[in-house]
$ cat structure_37.txt   # compact mmCIF, C-alpha atoms
# COMPACT_ATOMS: atom_id res chain seq x y z
CA MET V 1 0.00 0.00 0.00
CA MET V 2 1.23 3.50 -0.85
CA LYS V 3 2.50 5.50 2.11
CA GLU V 4 0.60 8.53 3.40
CA HIS V 5 1.30 11.92 1.84
CA SER V 6 3.04 13.09 5.02
CA THR V 7 5.67 10.36 4.62
CA TYR V 8 6.90 12.30 1.59
CA CYS V 9 7.64 15.46 3.60
CA LEU V 10 11.22 16.46 4.31
CA SER V 11 12.58 15.63 7.74
CA GLU V 12 14.34 18.33 9.75
CA HIS V 13 17.64 16.61 8.93
CA ALA V 14 16.84 16.74 5.20
CA LYS V 15 16.00 20.43 5.47
CA ARG V 16 19.36 21.15 7.11
CA GLN V 17 21.09 19.11 4.41
CA LEU V 18 19.33 21.07 1.68
CA ARG V 19 20.58 24.35 3.10
CA GLU V 20 24.16 23.15 3.60
CA ARG V 21 24.20 21.51 0.19
CA PHE V 22 23.21 24.71 -1.55
CA LEU V 23 25.83 26.75 0.30
CA SER V 24 28.56 24.28 -0.63
CA TYR V 25 27.46 24.21 -4.26
CA ALA V 26 27.37 28.01 -4.47
CA ALA V 27 31.04 28.12 -3.47
CA VAL V 28 32.09 26.35 -6.69
CA CYS V 29 32.61 28.79 -9.59
CA THR V 30 30.77 27.38 -12.60
CA THR V 31 30.43 30.45 -14.81
CA SER V 32 30.04 29.27 -18.40
CA SER V 33 31.63 30.82 -21.50
CA SER V 34 29.53 31.53 -24.57
CA GLU V 35 32.71 32.05 -26.59
CA GLN V 36 33.98 28.56 -25.79
CA ALA V 37 30.56 26.90 -26.04
CA ASP V 38 30.00 28.43 -29.48
CA LYS V 39 33.24 26.73 -30.54
CA GLY V 40 31.86 23.38 -29.43
CA VAL V 41 33.77 23.17 -26.13
CA MET V 42 31.61 21.42 -23.51
CA PRO V 43 31.70 22.01 -20.70
CA SER V 44 32.92 25.44 -21.64
CA THR V 45 34.74 26.08 -18.34
CA PRO V 46 36.80 23.91 -15.96
CA GLY V 47 34.63 24.82 -12.97
CA GLN V 48 31.68 22.98 -14.43
CA ARG V 49 33.76 19.82 -14.78
CA GLU V 50 34.92 20.22 -11.17
CA PHE V 51 31.32 20.60 -9.98
CA ALA V 52 30.28 17.57 -12.05
CA ARG V 53 32.93 15.43 -10.34
CA MET V 54 31.75 16.70 -6.95
CA LEU V 55 28.16 15.70 -7.72
CA LEU V 56 29.19 12.34 -9.14
CA ALA V 57 31.02 11.46 -5.91
CA GLU V 58 27.95 12.47 -3.93
CA LEU V 59 25.64 10.40 -6.13
CA GLN V 60 27.88 7.37 -5.80
CA ALA V 61 27.96 7.78 -2.03
CA LEU V 62 24.15 7.84 -2.03
CA GLY V 63 24.10 4.55 -3.90
CA ALA V 64 22.67 5.88 -7.17
CA ASP V 65 22.82 3.41 -10.04
CA GLU V 66 24.68 4.00 -13.32
CA ALA V 67 26.13 7.30 -12.12
CA TYR V 68 28.67 8.72 -14.58
CA ILE V 69 29.91 11.87 -16.30
CA SER V 70 29.61 11.86 -20.07
CA GLU V 71 32.31 13.01 -22.46
CA TYR V 72 30.59 16.40 -22.67
CA GLY V 73 30.18 16.91 -18.92
CA TYR V 74 26.63 15.67 -18.31
CA VAL V 75 26.15 14.09 -14.89
CA CYS V 76 23.75 11.17 -15.27
CA ALA V 77 22.41 8.82 -12.60
CA ARG V 78 19.49 6.49 -12.05
CA LEU V 79 17.83 5.62 -8.76
CA LYS V 80 16.46 2.09 -8.76
CA PRO V 81 12.75 1.70 -7.94
CA SER V 82 11.73 0.54 -4.50
CA SER V 83 10.41 -2.97 -4.04
CA GLY V 84 7.01 -3.36 -5.66
CA CYS V 85 7.41 -0.30 -7.93
CA GLU V 86 9.70 -1.87 -10.52
CA HIS V 87 7.20 -1.28 -13.32
CA ALA V 88 6.12 2.22 -12.38
CA PRO V 89 6.82 4.90 -15.00
CA ALA V 90 10.28 6.43 -14.68
CA VAL V 91 10.50 10.11 -13.73
CA GLY V 92 13.35 12.30 -14.96
CA LEU V 93 14.71 15.34 -13.13
CA CYS V 94 17.20 17.83 -14.53
CA ALA V 95 19.00 21.04 -13.62
CA HIS V 96 22.08 22.81 -14.96
CA LEU V 97 25.62 23.05 -13.64
CA ASP V 98 26.60 26.46 -14.99
CA THR V 99 25.89 29.99 -13.88
CA SER V 100 25.52 33.08 -16.04
CA GLU V 101 28.56 34.92 -17.35
CA GLU V 102 26.65 38.21 -17.31
CA VAL V 103 27.69 38.90 -13.69
CA PRO V 104 30.98 37.99 -11.97
CA ALA V 105 30.95 34.77 -9.92
CA GLY V 106 34.58 34.08 -9.13
CA THR V 107 34.26 33.64 -5.37
CA VAL V 108 30.70 33.64 -4.06
CA HIS V 109 30.21 34.69 -0.42
CA PRO V 110 26.62 33.77 0.52
CA ARG V 111 25.03 35.54 3.44
CA VAL V 112 22.31 33.74 5.43
CA ILE V 113 19.69 35.97 7.02
CA GLU V 114 17.40 34.07 9.37
CA HIS V 115 13.91 35.40 10.08
CA TYR V 116 14.29 38.26 7.61
CA ASP V 117 12.71 41.34 9.20
CA GLY V 118 11.52 43.01 5.98
CA SER V 119 14.04 45.84 5.97
CA VAL V 120 16.30 47.11 3.18
CA ILE V 121 19.44 44.96 2.84
CA ALA V 122 22.72 46.65 1.83
CA LEU V 123 24.72 43.95 0.09
CA GLY V 124 27.93 45.82 -0.59
CA GLY V 125 29.38 47.32 -3.72
CA GLY V 126 26.36 49.59 -3.95
CA ALA V 127 23.92 46.71 -4.49
CA VAL V 128 20.74 46.87 -2.42
CA LEU V 129 17.78 44.55 -1.84
CA ASP V 130 14.70 46.65 -1.19
CA PRO V 131 11.35 44.98 -0.43
CA ALA V 132 9.60 48.10 -1.74
CA ALA V 133 10.99 47.31 -5.19
CA ASP V 134 10.95 43.51 -4.88
CA ALA V 135 7.51 42.05 -4.15
CA GLU V 136 8.86 38.53 -3.64
CA LEU V 137 11.34 39.80 -1.06
CA ALA V 138 8.53 41.61 0.76
CA ARG V 139 6.58 38.34 0.89
CA ALA V 140 9.61 36.59 2.38
CA LYS V 141 9.42 38.60 5.61
CA GLY V 142 9.85 36.24 8.54
CA LEU V 143 11.50 33.56 6.43
CA ASP V 144 15.17 32.60 6.05
CA ILE V 145 16.93 33.96 2.98
CA ILE V 146 20.36 33.69 1.38
CA THR V 147 21.83 36.68 -0.43
CA THR V 148 25.11 37.59 -2.11
CA ASP V 149 27.64 40.07 -0.74
CA GLY V 150 26.93 42.35 -3.73
CA THR V 151 30.11 41.50 -5.66
CA THR V 152 28.85 38.37 -7.45
CA LEU V 153 25.70 36.55 -8.34
CA LEU V 154 24.55 33.83 -5.94
CA GLY V 155 24.14 30.86 -8.27
CA ALA V 156 20.64 29.83 -7.19
CA ASP V 157 20.15 29.57 -10.95
CA ASP V 158 20.50 26.64 -10.93
CA LYS V 159 22.29 25.31 -7.87
CA ALA V 160 19.08 25.62 -5.89
CA GLY V 161 17.54 23.14 -8.32
CA ILE V 162 20.50 20.77 -8.04
CA ALA V 163 20.46 20.95 -4.23
CA GLU V 164 16.75 20.14 -4.19
CA ILE V 165 17.15 17.14 -6.48
CA MET V 166 20.12 15.80 -4.53
CA THR V 167 18.27 16.22 -1.23
CA VAL V 168 15.29 14.29 -2.59
CA LEU V 169 17.55 11.47 -3.78
CA GLU V 170 19.23 11.27 -0.38
CA PHE V 171 15.83 11.26 1.35
CA LEU V 172 14.62 8.33 -0.78
CA THR V 173 17.82 6.27 -0.48
CA ALA V 174 17.88 6.77 3.29
CA GLN V 175 14.34 5.42 3.57
CA PRO V 176 14.08 2.40 1.26
CA ASP V 177 10.61 1.53 2.54
CA ILE V 178 9.15 4.66 0.88
CA PRO V 179 7.63 3.54 -2.46
CA HIS V 180 8.95 5.18 -5.62
CA GLY V 181 9.48 4.26 -9.22
CA PRO V 182 12.71 4.70 -11.19
CA VAL V 183 14.16 8.21 -10.94
CA GLU V 184 16.61 9.51 -13.55
CA VAL V 185 18.77 12.57 -13.04
CA ILE V 186 20.69 14.69 -15.54
CA PHE V 187 22.75 17.73 -14.58
CA SER V 188 23.73 19.52 -17.78
CA PRO V 189 26.55 21.96 -18.60
CA ASP V 190 26.24 25.24 -20.47
CA GLU V 191 22.51 25.84 -20.22
CA GLU V 192 23.15 29.56 -19.90
CA THR V 193 25.00 29.60 -23.23
CA GLY V 194 22.09 27.96 -25.06
CA HIS V 195 24.06 24.74 -25.61
CA GLY V 196 22.81 22.80 -22.60
CA MET V 197 21.19 20.00 -24.58
CA ASP V 198 23.57 19.87 -27.55
CA HIS V 199 25.00 16.51 -26.49
CA VAL V 200 22.48 15.22 -23.95
CA PRO V 201 22.67 11.39 -23.92
CA LEU V 202 19.18 10.70 -25.27
CA ASP V 203 20.02 7.04 -25.79
CA TRP V 204 20.58 6.69 -22.02
CA ILE V 205 17.23 8.25 -21.05
CA GLN V 206 14.42 5.81 -20.30
CA ALA V 207 11.95 8.19 -18.67
CA LYS V 208 9.20 9.42 -20.95
CA GLN V 209 8.69 12.54 -18.86
CA PHE V 210 11.17 14.90 -17.29
CA TYR V 211 10.97 17.95 -15.06
CA THR V 212 13.45 20.81 -14.87
CA LEU V 213 14.14 22.50 -11.55
CA ASP V 214 14.99 25.93 -12.96
CA GLY V 215 12.12 28.21 -11.98
CA SER V 216 11.83 30.96 -9.43
CA SER V 217 8.96 31.73 -7.06
CA PRO V 218 6.59 29.18 -5.55
CA PRO V 219 4.00 28.12 -6.54
CA GLU V 220 4.89 28.92 -10.16
CA ILE V 221 5.08 26.12 -12.68
CA GLU V 222 5.82 26.62 -16.34
CA THR V 223 4.65 24.67 -19.36
CA GLU V 224 5.40 27.15 -22.12
CA CYS V 225 8.38 29.25 -23.13
CA PHE V 226 9.65 31.43 -25.94
CA ASN V 227 10.56 30.25 -29.37
CA ALA V 228 14.14 31.44 -29.63
CA TYR V 229 16.33 32.31 -32.62
CA ARG V 230 19.71 33.95 -32.92
CA CYS V 231 20.51 36.35 -35.75
CA ASP V 232 24.04 37.30 -36.74
CA VAL V 233 23.99 40.40 -38.95
CA THR V 234 27.22 41.27 -40.76
CA PHE V 235 27.91 44.70 -42.30
CA THR V 236 30.62 45.13 -44.94
CA GLY V 237 31.67 48.63 -45.86
CA ILE V 238 34.68 50.29 -47.49
CA ALA V 239 37.58 51.49 -45.38
CA ALA V 240 39.44 54.70 -46.15
CA HIS V 241 41.62 57.22 -44.36
CA THR V 242 39.31 59.40 -42.31
CA GLY V 243 41.03 62.53 -43.53
CA SER V 244 40.15 61.79 -47.17
CA ALA V 245 37.13 59.55 -46.69
CA ARG V 246 34.68 61.54 -48.78
CA PRO V 247 33.02 60.17 -50.88
CA HIS V 248 34.38 56.60 -50.87
CA MET V 249 34.31 55.41 -47.28
CA ILE V 250 31.36 53.33 -46.04
CA ASN V 251 31.60 52.97 -42.28
CA ALA V 252 30.49 49.48 -41.21
CA VAL V 253 30.36 50.58 -37.56
CA SER V 254 27.89 53.32 -38.46
CA MET V 255 25.85 50.79 -40.44
CA ALA V 256 25.63 48.48 -37.44
CA ALA V 257 24.60 51.34 -35.15
CA ASP V 258 22.00 52.49 -37.66
CA PHE V 259 20.62 48.96 -37.89
CA ILE V 260 20.26 48.61 -34.11
CA THR V 261 18.51 51.95 -33.71
CA SER V 262 16.09 50.90 -36.48
CA LEU V 263 14.82 47.93 -34.46
CA PRO V 264 11.36 48.48 -32.94
CA ARG V 265 12.10 50.28 -29.67
CA HIS V 266 8.84 49.16 -28.07
CA GLU V 267 9.79 45.52 -28.71
CA ALA V 268 13.00 45.36 -26.66
CA PRO V 269 13.47 43.14 -23.57
CA GLU V 270 13.31 46.16 -21.28
CA THR V 271 10.01 47.38 -22.77
CA THR V 272 8.10 44.07 -22.85
CA ASP V 273 6.72 41.50 -20.41
CA GLY V 274 4.16 38.71 -20.19
CA ARG V 275 3.68 37.06 -23.56
CA GLN V 276 5.21 39.91 -25.56
CA GLY V 277 8.20 38.94 -27.70
CA PHE V 278 11.25 41.06 -28.44
CA PHE V 279 14.36 41.90 -30.46
CA ALA V 280 17.45 41.92 -28.23
CA PRO V 281 20.82 43.21 -29.50
CA MET V 282 23.29 41.17 -27.45
CA GLU V 283 26.65 42.11 -28.89
CA ILE V 284 28.22 44.50 -31.37
CA GLN V 285 31.79 44.52 -32.63
CA GLY V 286 33.63 45.75 -35.66
CA GLN V 287 35.83 48.21 -37.51
CA LEU V 288 35.44 50.50 -40.48
CA GLU V 289 35.33 47.76 -43.08
CA ARG V 290 33.40 45.08 -41.25
CA ALA V 291 31.08 44.99 -38.25
CA ARG V 292 28.73 42.47 -36.77
CA THR V 293 25.88 42.41 -34.28
CA THR V 294 24.17 39.45 -32.66
CA LEU V 295 20.47 39.57 -31.91
CA TYR V 296 18.25 37.27 -29.88
CA LEU V 297 14.72 37.02 -31.22
CA ARG V 298 11.97 35.77 -28.89
CA ASP V 299 8.30 35.06 -29.51
CA PHE V 300 5.75 32.66 -28.05
CA SER V 301 4.23 31.76 -31.45
CA ALA V 302 5.85 30.32 -34.56
CA GLU V 303 4.03 32.89 -36.69
CA GLY V 304 5.31 35.75 -34.55
CA MET V 305 8.85 34.44 -34.80
CA GLU V 306 8.65 34.26 -38.59
CA GLN V 307 7.49 37.89 -38.64
CA ARG V 308 10.43 38.89 -36.47
CA ILE V 309 12.91 37.19 -38.77
CA GLN V 310 11.35 38.96 -41.74
CA THR V 311 11.54 42.29 -39.90
CA VAL V 312 15.28 41.80 -39.32
CA ARG V 313 15.80 40.98 -42.99
CA ALA V 314 13.78 44.01 -44.09
CA ILE V 315 15.77 46.39 -41.86
CA ALA V 316 19.02 44.82 -43.10
CA ALA V 317 17.94 45.37 -46.71
CA ALA V 318 17.04 48.99 -45.95
CA ILE V 319 20.48 49.62 -44.39
CA GLN V 320 22.20 48.11 -47.42
CA ALA V 321 20.15 50.36 -49.73
CA LYS V 322 20.93 53.41 -47.60
CA TYR V 323 24.70 52.81 -47.67
CA ARG V 324 25.23 52.28 -51.39
CA GLY V 325 28.11 49.96 -52.17
CA SER V 326 27.82 48.10 -48.87
CA THR V 327 26.52 44.61 -48.16
CA VAL V 328 24.50 43.33 -45.22
CA SER V 329 24.02 39.62 -44.60
CA VAL V 330 21.72 37.92 -42.07
CA GLN V 331 22.23 34.43 -40.69
CA THR V 332 19.62 32.89 -38.41
CA ALA V 333 19.89 29.84 -36.15
CA LYS V 334 17.23 28.18 -34.00
CA GLN V 335 18.12 28.02 -30.31
CA TYR V 336 15.01 26.34 -28.87
CA LEU V 337 11.26 26.10 -29.44
CA ASN V 338 8.22 26.57 -27.25
CA MET V 339 7.76 23.38 -25.21
CA LYS V 340 3.99 23.85 -24.92
CA GLN V 341 3.07 21.71 -27.93
CA THR V 342 4.88 18.63 -26.58
CA ILE V 343 3.52 19.09 -23.06
CA ASP V 344 -0.03 19.52 -24.40
CA ALA V 345 0.40 16.24 -26.30
CA HIS V 346 1.34 14.48 -23.04
CA PRO V 347 -0.98 16.17 -20.50
CA LEU V 348 -0.34 13.78 -17.62
CA ALA V 349 3.11 15.29 -17.02
CA ALA V 350 1.56 18.66 -16.14
CA GLU V 351 -1.54 17.23 -14.46
CA LEU V 352 0.49 15.26 -11.93
CA LEU V 353 2.72 18.28 -11.29
CA VAL V 354 -0.37 20.35 -10.44
CA GLN V 355 -1.48 17.63 -8.00
CA ALA V 356 2.00 17.49 -6.47
CA VAL V 357 2.12 21.24 -5.86
CA ARG V 358 -1.30 21.15 -4.22
CA THR V 359 -0.38 18.17 -2.04
CA ALA V 360 2.72 20.09 -0.95
CA GLY V 361 0.35 22.77 0.37
CA LEU V 362 0.42 25.33 -2.44
CA GLU V 363 -1.97 26.44 -5.17
CA PRO V 364 -0.12 26.25 -8.50
CA ARG V 365 0.14 29.27 -10.75
CA PHE V 366 1.02 28.89 -14.43
CA VAL V 367 3.34 31.52 -15.87
CA PRO V 368 5.09 31.63 -19.26
CA ILE V 369 8.88 31.43 -19.23
CA ARG V 370 10.36 34.57 -20.71
CA GLY V 371 13.38 32.56 -21.72
CA GLY V 372 14.01 28.87 -22.10
CA THR V 373 15.22 25.85 -20.21
CA ASP V 374 16.84 22.56 -21.04
CA GLY V 375 13.27 21.30 -20.92
CA ALA V 376 12.51 23.11 -24.15
CA ARG V 377 15.24 21.13 -25.91
CA LEU V 378 14.03 17.86 -24.37
CA ALA V 379 10.52 18.68 -25.56
CA GLU V 380 11.86 18.95 -29.11
CA ALA V 381 13.01 15.34 -28.67
CA GLY V 382 9.44 14.38 -27.72
CA ILE V 383 9.96 14.31 -23.94
CA PRO V 384 7.51 16.60 -22.08
CA CYS V 385 9.41 18.62 -19.50
CA PRO V 386 7.55 21.18 -17.37
CA ASN V 387 9.59 23.56 -15.24
CA ILE V 388 9.28 23.75 -11.44
CA PHE V 389 10.07 26.65 -9.10
CA THR V 390 13.27 26.47 -7.03
CA GLY V 391 12.97 29.37 -4.58
CA GLY V 392 15.66 31.45 -6.27
CA HIS V 393 15.02 35.09 -7.20
CA ASN V 394 16.61 37.92 -9.24
CA PHE V 395 18.65 35.55 -11.40
CA HIS V 396 21.69 36.81 -13.33
CA SER V 397 22.30 39.71 -10.97
CA ARG V 398 24.26 40.80 -7.91
CA THR V 399 20.94 41.05 -6.06
CA GLU V 400 20.15 37.36 -6.58
CA TRP V 401 18.74 35.70 -3.47
CA ALA V 402 17.07 32.48 -2.41
CA CYS V 403 14.54 31.60 0.26
CA ILE V 404 15.29 28.45 2.25
CA GLN V 405 11.62 27.68 2.95
CA HIS V 406 10.80 28.07 -0.77
CA MET V 407 13.59 25.60 -1.57
CA GLU V 408 12.07 23.18 0.91
CA GLN V 409 8.69 23.55 -0.79
CA ALA V 410 10.30 22.75 -4.14
CA ALA V 411 11.87 19.58 -2.73
CA GLU V 412 8.60 18.48 -1.16
CA THR V 413 6.83 19.10 -4.47
CA LEU V 414 9.35 16.73 -6.07
CA LEU V 415 8.69 14.08 -3.44
CA GLN V 416 4.95 14.30 -4.02
CA LEU V 417 5.49 14.17 -7.78
CA ILE V 418 7.55 10.99 -7.43
CA ARG V 419 4.79 9.52 -5.21
CA LEU V 420 2.12 10.28 -7.80
CA TRP V 421 4.10 8.71 -10.64
CA ALA V 422 4.57 5.58 -8.51
CA LEU V 423 0.78 5.30 -8.41
CA GLN V 424 0.45 5.30 -12.20
CA PRO V 425 -0.12 2.10 -14.18
CA ALA V 426 2.93 0.32 -15.51
CA GLU V 427 4.23 1.71 -18.79
CA GLN V 428 3.30 -0.28 -21.83
CA PRO V 429 6.01 -1.29 -24.32
CA ALA V 430 6.25 0.94 -27.38
$ encode --input "structure_37.txt" --output "structure tokens"
Amino acid sequence: MMKEHSTYCLSEHAKRQLRERFLSYAAVCTTSSSEQADKGVMPSTPGQREFARMLLAELQALGADEAYISEYGYVCARLKPSSGCEHAPAVGLCAHLDTSEEVPAGTVHPRVIEHYDGSVIALGGGAVLDPAADAELARAKGLDIITTDGTTLLGADDKAGIAEIMTVLEFLTAQPDIPHGPVEVIFSPDEETGHGMDHVPLDWIQAKQFYTLDGSSPPEIETECFNAYRCDVTFTGIAAHTGSARPHMINAVSMAADFITSLPRHEAPETTDGRQGFFAPMEIQGQLERARTTLYLRDFSAEGMEQRIQTVRAIAAAIQAKYRGSTVSVQTAKQYLNMKQTIDAHPLAAELLVQAVRTAGLEPRFVPIRGGTDGARLAEAGIPCPNIFTGGHNFHSRTEWACIQHMEQAAETLLQLIRLWALQPAEQPA
């Protein structure tokens, strides 16, 4: 007989372990490098490989089955089902090893504030956490939070998710009488660079449903995300000495600047929210003769994305016509697609997650991801992969923080999710 719901609640020991685990993980620098990842180097930084080895040793100590690190730095492990649940559907859990390169993360110094009193927090380096400007922080009054010292990010994205998964695995292995089906775990490198699923070992995966732990506030769960494309726009002009440039010089730097200012200003990341898409200039470099800019295009619909690509091409053509004798080329590359279609085709993955959140004592709230996760790439492979909150906040910034009680709620949601999958009928052969 299946154990009571309360059996799947974290013990006080497990809660302490979750907190200590996260703090130890945050101390490992795992900043990824887009430059190296774009060249095919995975993991793109040595710190990610170091963290992978640390997690592998921990998984092996817990008794996880088939634990290994792949050639490309993926940490993979499988927890055997408990007695009587051998034929229950397998559940997959994933999170990413790397942290964003947008903010320094050389040496992270987390600060634990117990029973946060709701006041303004001066982090150092001029960074401030103000509940008047941060609604989630205001709601955390009375709870225990972890902040940065203002010089780095914290790394809750996504070490909070990893800590929660590892704590759940330890909880299950320490109590073998708690029923559960097979549990698969993948910790991926270079999610922040957009390459997190480039070499995921799909042939190793047996679970037909996965869940990413890469969200933010409880009780948010996410089943849809942006469609994402990258555009590299190259401008070729004609170099000449600036003192005798007229009329022959065509300044490629000016062309690039003109192109960027021609993008719809009301459709930039900083002017949109909700389900609004955007054009995001991410990088510009160049000299008189040649310049290049990289754009990220985001839209929730395929039709909207096609319109955005056509807008970029139209602006590029207009710039080329304006600067006679120049050339402008546009190259586009898909980064990931909206995971909603795959999840809608396999509704049980989201339905059981909703039940799990409610059983953990929360009322789920669906929000669209204004970004993407490794789950979006798994969905493209036909594996539904909703995203679950982790309790981290203000990702990719010096004001990043995490709430310990929110992290506990995420872990208990995972435990309830594993319980619910153990109650499902045995999977039928394909």
$ residues_around --input "structure_37.txt" --residues "range 32-43 of chain V" --least-positions-apart "4" --cutoff "8 Å" --atoms "only C-alpha atoms" --output "list in words"
Gln48, Arg49, Tyr72, Gly73, Asp98, Thr99, Ser100, Glu101, Pro189, Asp190, Glu192, Thr193 and His195 of chain V
$ residues_around --input "structure_37.txt" --residues "range 108-122 of chain V" --least-positions-apart "3" --cutoff "12 Å" --atoms "only C-alpha atoms" --output "VMD selection string"
chain V and resid 19 to 20 22 to 31 99 103 to 105 125 to 156 398 to 405
$ atom_distance --input "structure_37.txt" --atom1 "CA of Asp299 in chain V" --atom2 "CA of Asn227 in chain V"
5.3 Å
$ atom_distance --input "structure_37.txt" --atom1 "CA of Leu263 in chain V" --atom2 "CA of Asp374 in chain V"
28.8 Å
$ atom_distance --input "structure_37.txt" --atom1 "CA of Ala280 in chain V" --atom2 "CA of Ile388 in chain V"
26.1 Å
$ decode --input "structure_37.txt" --residues "range 238-260 of chain V" --atoms "N, CA and C atoms" --output "PDB file, in the first residue's frame"
ATOM      1  N   ILE V 238      33.421  50.021 -46.776  1.00  0.00           N
ATOM      2  CA  ILE V 238      34.676  50.292 -47.494  1.00  0.00           C
ATOM      3  C   ILE V 238      35.522  51.183 -46.603  1.00  0.00           C
ATOM      4  N   ALA V 239      36.702  50.717 -46.251  1.00  0.00           N
ATOM      5  CA  ALA V 239      37.584  51.489 -45.381  1.00  0.00           C
ATOM      6  C   ALA V 239      38.349  52.534 -46.184  1.00  0.00           C
ATOM      7  N   ALA V 240      38.636  53.631 -45.533  1.00  0.00           N
ATOM      8  CA  ALA V 240      39.442  54.695 -46.148  1.00  0.00           C
ATOM      9  C   ALA V 240      40.021  55.548 -45.027  1.00  0.00           C
ATOM     10  N   HIS V 241      41.047  56.297 -45.342  1.00  0.00           N
ATOM     11  CA  HIS V 241      41.618  57.217 -44.365  1.00  0.00           C
ATOM     12  C   HIS V 241      40.543  58.245 -44.012  1.00  0.00           C
ATOM     13  N   THR V 242      40.373  58.494 -42.715  1.00  0.00           N
ATOM     14  CA  THR V 242      39.307  59.403 -42.310  1.00  0.00           C
ATOM     15  C   THR V 242      39.521  60.834 -42.809  1.00  0.00           C
ATOM     16  N   GLY V 243      40.774  61.176 -43.053  1.00  0.00           N
ATOM     17  CA  GLY V 243      41.031  62.533 -43.534  1.00  0.00           C
ATOM     18  C   GLY V 243      40.646  62.735 -44.984  1.00  0.00           C
ATOM     19  N   SER V 244      40.544  61.667 -45.750  1.00  0.00           N
ATOM     20  CA  SER V 244      40.152  61.788 -47.167  1.00  0.00           C
ATOM     21  C   SER V 244      39.056  60.781 -47.487  1.00  0.00           C
ATOM     22  N   ALA V 245      38.147  60.596 -46.558  1.00  0.00           N
ATOM     23  CA  ALA V 245      37.134  59.553 -46.687  1.00  0.00           C
ATOM     24  C   ALA V 245      36.062  59.881 -47.718  1.00  0.00           C
ATOM     25  N   ARG V 246      35.741  61.169 -47.853  1.00  0.00           N
ATOM     26  CA  ARG V 246      34.678  61.540 -48.777  1.00  0.00           C
ATOM     27  C   ARG V 246      35.122  61.424 -50.218  1.00  0.00           C
ATOM     28  N   PRO V 247      34.347  60.751 -51.074  1.00  0.00           N
ATOM     29  CA  PRO V 247      33.020  60.170 -50.877  1.00  0.00           C
ATOM     30  C   PRO V 247      33.066  58.637 -50.808  1.00  0.00           C
ATOM     31  N   HIS V 248      34.255  58.052 -50.654  1.00  0.00           N
ATOM     32  CA  HIS V 248      34.378  56.602 -50.874  1.00  0.00           C
ATOM     33  C   HIS V 248      34.122  55.743 -49.632  1.00  0.00           C
ATOM     34  N   MET V 249      34.403  56.274 -48.453  1.00  0.00           N
ATOM     35  CA  MET V 249      34.309  55.413 -47.277  1.00  0.00           C
ATOM     36  C   MET V 249      32.859  55.073 -46.945  1.00  0.00           C
ATOM     37  N   ILE V 250      32.647  53.799 -46.592  1.00  0.00           N
ATOM     38  CA  ILE V 250      31.364  53.334 -46.044  1.00  0.00           C
ATOM     39  C   ILE V 250      31.686  52.713 -44.684  1.00  0.00           C
ATOM     40  N   ASN V 251      31.231  53.355 -43.641  1.00  0.00           N
ATOM     41  CA  ASN V 251      31.605  52.972 -42.279  1.00  0.00           C
ATOM     42  C   ASN V 251      30.701  51.839 -41.772  1.00  0.00           C
ATOM     43  N   ALA V 252      31.273  50.639 -41.653  1.00  0.00           N
ATOM     44  CA  ALA V 252      30.488  49.481 -41.212  1.00  0.00           C
ATOM     45  C   ALA V 252      30.008  49.633 -39.771  1.00  0.00           C
ATOM     46  N   VAL V 253      30.785  50.344 -38.941  1.00  0.00           N
ATOM     47  CA  VAL V 253      30.361  50.580 -37.558  1.00  0.00           C
ATOM     48  C   VAL V 253      29.105  51.441 -37.537  1.00  0.00           C
ATOM     49  N   SER V 254      29.075  52.472 -38.366  1.00  0.00           N
ATOM     50  CA  SER V 254      27.887  53.324 -38.456  1.00  0.00           C
ATOM     51  C   SER V 254      26.687  52.532 -38.967  1.00  0.00           C
ATOM     52  N   MET V 255      26.934  51.630 -39.912  1.00  0.00           N
ATOM     53  CA  MET V 255      25.851  50.793 -40.439  1.00  0.00           C
ATOM     54  C   MET V 255      25.242  49.941 -39.321  1.00  0.00           C
ATOM     55  N   ALA V 256      26.113  49.341 -38.528  1.00  0.00           N
ATOM     56  CA  ALA V 256      25.629  48.483 -37.440  1.00  0.00           C
ATOM     57  C   ALA V 256      24.819  49.283 -36.431  1.00  0.00           C
ATOM     58  N   ALA V 257      25.323  50.492 -36.099  1.00  0.00           N
ATOM     59  CA  ALA V 257      24.604  51.338 -35.151  1.00  0.00           C
ATOM     60  C   ALA V 257      23.254  51.762 -35.714  1.00  0.00           C
ATOM     61  N   ASP V 258      23.230  52.082 -36.991  1.00  0.00           N
ATOM     62  CA  ASP V 258      21.998  52.491 -37.664  1.00  0.00           C
ATOM     63  C   ASP V 258      20.991  51.342 -37.650  1.00  0.00           C
ATOM     64  N   PHE V 259      21.488  50.142 -37.896  1.00  0.00           N
ATOM     65  CA  PHE V 259      20.622  48.956 -37.885  1.00  0.00           C
ATOM     66  C   PHE V 259      19.986  48.774 -36.511  1.00  0.00           C
ATOM     67  N   ILE V 260      20.777  48.852 -35.467  1.00  0.00           N
ATOM     68  CA  ILE V 260      20.261  48.606 -34.113  1.00  0.00           C
ATOM     69  C   ILE V 260      19.228  49.653 -33.720  1.00  0.00           C
TER      70      ILE V 260
END
